[in-house]
Structures are given as C-alpha cells and as structure tokens.
Amino acid sequence: MTPITEVEGRRLSLSNLDKVLYPATGTTKGEVLHYYAATVAGAILPHLRDRPVSFLRYPDGPGGQLFFTKNPPAGTPDWVHTTPVPRSEDQAARQVMVQDLASLMWSANLVVEFHTPQWRADAPETADRMVFDLDPGSPATVVQCCAVALWLRERLAADGLFAYGKTSGSKGLHLLVPLEPTPSAEVSAYAKRLAVEAESALPELALHRMKRALRPGKVFVDFSQNSASKTTATPYTLRARTEPTVSAPVTWDEIEGCRNPEDLVFRADGMAARLERYGDLLGPLLDPDRARPLPAGPA
C-alpha cells in the first residue's frame, strides 16, 4: 500500500520508499525524501520560490532512464502552483513553482533534480543573478575549476560584483552573482566578455568555447546558462550521479584550499552538519543589499 502523509495540510502519496535509488551507497527513496524534508527544506525553498522549475527525472535511479521536463507532469495536483513562461514554440506554456514544503515533497517523490533559471516568474527574462558554470575537461578536475573561480572572483570584484560558489554536484563548480534586475541578454553578453577575458588571462587553463577538441585539460567557462531559456542546478539539489552528491554551497576558503577533487564532493548525509556549521552560504543571493548593477560596457 502506498503511504499517505499530510504535509502542511496537503495529503501526499509517497511511493516506493524502500526502493534503492543509489546502489553505490544503498540510499533509498525514503532517505532521499527525508533529505529534502528534514535536512535542506529550509535552505532550498528560498532558492526555488517564485522561479519556474524544470525537472531532470530519474525514477529508477541514475542508472535508469533520465529525462528532462519543463511542463507540469501528468497528475500534478491543482494545489501545486504553476506559472506561465515565455516559450516561443508554445504560447500557453506553464511550469511548476515549488513554493512550500508540500510542493517540495510532491516534487521530490517524482525523483528529480531541481533546475531553475536566473530570473523570477514575475519578471521573465530579467535576471537577478548571473552564473558561471566551470566545467573541467579531463584530465582537469574541480581543482583547476577553483583556480579559474579565484580569477573570476577578483575580476568580478573589480566591477563591484560579489561572487559565491557552489559545487555542481557533478565534477565542476558554479559561481553565482547577485544582480540588480537586468535583461538576461545583457547579463549573457557581460558573462561572455568575462569568459573571453578569463581565457586570455589564463590561456593554459580557461576556455570560453565549447568545442570538444579544445576541452582536454582545460576549464570551460560556460556563460550560456545566463540565457533566459537556460537553467542551472538549484542549490542543495541532489544529482543523478552514482552517489547522492549535492550541488552544495562552499566557502572561498574551501575553494582556495582545494587540492584534491574529493575535497569538494558533498553527499546528502553530510549536509546537515554543513548547514549547522555555516547556515546557507548562498543566503546573500537573496539579499537585495548584495545585488549590484552590471557595469557599463561595449555592446
């Protein structure tokens, strides 16, 4: 029988709680739901709230079928908020918004990664943050990503911008920058300029082009996720990897001190202690006083 639980007055059917989703660690679906409900709900919800959510679903674990969906899944309860989103091929498009614990647990029961854009639902295509996705090409690792991140932090600071880091939950690193509301196209253009500058300043390390032949041993500074149509893994989401790794906020001391890729691998079972020690390291992204305007620059 499928267990029924009540969350904030909403009745939820939670299925297959004993199913092992991560064979490498024996992590069950029930443990995944507990992670979201008991460990990170207070931290992840502010980063999800008021943003349309895209799901990468992996109902049979990371070794099974993975599929990306933007549309509300079949059977979405009528109490789950949805919002219209700009999508050229579908003028009536809508996406889920995860606004509260009940909708978080309904979503997590689908077994998903959470992905969100750099803009809020009430201001589509107007970014309130900028992202750089630092993606290493083997044999480069997150260690090399950290070196590029440190250069970007200083470059952003020269323009009066604050940067905060999180792991991708895979093999790379994300830098997030709070902004005064700015058209996504302008943010993308500025981010591209900095990616080009990074390649010029660190020619043996950084790369602003995605071309596969150029990738080995270098860090691709992916600026494209600033496009209004793109999304990035939400802070604290579990990833569909071999183990239940987390897209986890990190300190600049951890980035500076990273000497081994394992130094910046964080799993679900370690997040309670990190949150108790640090709180939400990405809290400044939600503070309007930390947002700054993009500097004027060439078109």
# chains A, B, ... in the order shown; residues from 1 in each chain; ligands from 1

call {"tool": "closest_atom_pairs", "arguments": {"of": "segment 172-242 of chain A", "to": "segment 48-52 of chain A", "cutoff": "10 Å", "atoms": "only C-alpha atoms", "output": "Markdown table"}}
result
| residue | atom | partner | partner_atom | distance |
| --- | --- | --- | --- | --- |
| A:Thr231 | CA | A:Pro52 | CA | 9.6 |
| A:Thr234 | CA | A:Leu48 | CA | 7.2 |
| A:Pro235 | CA | A:Leu48 | CA | 8.7 |

call {"tool": "select_by_dssp", "arguments": {"residues": "segment 138-253 of chain A", "states": "strand (DSSP E or B)", "output": "PyMOL selection string"}}
result
chain A and resi 164-167+173-183+206-207+219-222+232-233+238+245-246+249-250

call {"tool": "write_last_selection", "arguments": {"atoms": "C-alpha atoms", "output": "compact mmCIF listing (two decimals), in the first residue's frame"}}
result
# COMPACT_ATOMS: atom_id res chain seq x y z
CA TYR A 164 29.55 32.98 -4.30
CA GLY A 165 30.43 29.38 -5.08
CA LYS A 166 28.76 26.00 -5.05
CA THR A 167 29.71 22.64 -6.41
CA LEU A 173 31.88 24.41 -9.89
CA HIS A 174 29.27 27.16 -10.20
CA LEU A 175 29.80 30.84 -9.41
CA LEU A 176 26.67 32.88 -8.67
CA VAL A 177 26.48 36.67 -8.60
CA PRO A 178 23.51 38.66 -7.21
CA LEU A 179 22.41 41.42 -9.57
CA GLU A 180 20.01 44.29 -9.71
CA PRO A 181 17.31 43.19 -12.19
CA THR A 182 18.91 43.21 -15.65
CA PRO A 183 17.71 41.88 -19.03
CA ALA A 206 40.49 28.54 -19.15
CA LEU A 207 38.38 28.22 -22.29
CA VAL A 219 38.11 24.53 -17.76
CA PHE A 220 35.21 25.56 -19.96
CA VAL A 221 33.78 28.83 -18.60
CA ASP A 222 30.18 28.26 -19.60
CA THR A 232 21.10 25.69 -13.63
CA ALA A 233 21.01 23.05 -10.90
CA LEU A 238 20.67 16.01 -5.25
CA THR A 245 26.01 14.10 -4.37
CA VAL A 246 24.69 17.59 -3.69
CA PRO A 249 27.44 25.86 -1.42
CA VAL A 250 31.10 26.20 -0.48

call {"tool": "closest_residue", "arguments": {"among": "A:Val148, A:Leu286, A:Ala248, A:Ala189", "to": "Ala268 of chain A", "atoms": "only C-alpha atoms"}}
result
A:Ala248

call {"tool": "closest_residue", "arguments": {"among": "A:Leu194, A:Ala291, A:Leu104, A:Ala228", "to": "Arg153 of chain A", "atoms": "only C-alpha atoms"}}
result
A:Leu194

call {"tool": "closest_residue", "arguments": {"among": "A:Thr141, A:Asn260, A:Ser170, A:Thr251", "to": "Lys218 of chain A", "atoms": "only C-alpha atoms"}}
result
A:Thr141

call {"tool": "closest_residue", "arguments": {"among": "A:Asp135, A:Ala191, A:Lys70, A:Glu6", "to": "Ser168 of chain A", "atoms": "only C-alpha atoms"}}
result
A:Asp135

call {"tool": "residues_around", "arguments": {"residues": "Ile255 of chain A", "least_positions_apart": "3", "cutoff": "6 Å", "atoms": "only C-alpha atoms", "output": "ChimeraX atom specification"}}
result
/A:146,252,258

call {"tool": "write_last_selection", "arguments": {"atoms": "all heavy atoms", "output": "PDB file, in the first residue's frame"}}
result
ATOM      1  N   CYS A 146      38.690  25.607  -9.476  1.00  0.00           N
ATOM      2  CA  CYS A 146      38.878  26.538  -8.356  1.00  0.00           C
ATOM      3  C   CYS A 146      39.848  27.659  -8.730  1.00  0.00           C
ATOM      4  O   CYS A 146      39.645  28.817  -8.340  1.00  0.00           O
ATOM      5  CB  CYS A 146      39.387  25.779  -7.130  1.00  0.00           C
ATOM      6  SG  CYS A 146      38.123  24.733  -6.364  1.00  0.00           S
ATOM      7  N   TRP A 252      34.822  30.386   0.245  1.00  0.00           N
ATOM      8  CA  TRP A 252      36.004  30.729  -0.555  1.00  0.00           C
ATOM      9  C   TRP A 252      37.256  30.112   0.036  1.00  0.00           C
ATOM     10  O   TRP A 252      38.198  29.791  -0.701  1.00  0.00           O
ATOM     11  CB  TRP A 252      36.132  32.243  -0.697  1.00  0.00           C
ATOM     12  CG  TRP A 252      35.223  32.761  -1.763  1.00  0.00           C
ATOM     13  CD1 TRP A 252      34.073  33.470  -1.608  1.00  0.00           C
ATOM     14  CD2 TRP A 252      35.372  32.546  -3.175  1.00  0.00           C
ATOM     15  NE1 TRP A 252      33.500  33.721  -2.836  1.00  0.00           N
ATOM     16  CE2 TRP A 252      34.267  33.171  -3.811  1.00  0.00           C
ATOM     17  CE3 TRP A 252      36.325  31.901  -3.966  1.00  0.00           C
ATOM     18  CZ2 TRP A 252      34.104  33.167  -5.195  1.00  0.00           C
ATOM     19  CZ3 TRP A 252      36.151  31.886  -5.345  1.00  0.00           C
ATOM     20  CH2 TRP A 252      35.063  32.513  -5.944  1.00  0.00           C
ATOM     21  N   CYS A 258      41.369  23.883  -2.068  1.00  0.00           N
ATOM     22  CA  CYS A 258      41.104  22.625  -2.759  1.00  0.00           C
ATOM     23  C   CYS A 258      42.365  22.110  -3.461  1.00  0.00           C
ATOM     24  O   CYS A 258      42.918  22.775  -4.341  1.00  0.00           O
ATOM     25  CB  CYS A 258      39.977  22.811  -3.771  1.00  0.00           C
ATOM     26  SG  CYS A 258      39.542  21.305  -4.659  1.00  0.00           S
TER      27      CYS A 258
END

call {"tool": "residues_around", "arguments": {"residues": "segment 75-86 of chain A", "least_positions_apart": "4", "cutoff": "12 Å", "atoms": "only C-alpha atoms", "output": "ChimeraX atom specification"}}
result
/A:8-13,49-54,70-71,90-107,109-110,117,119-126,228-230
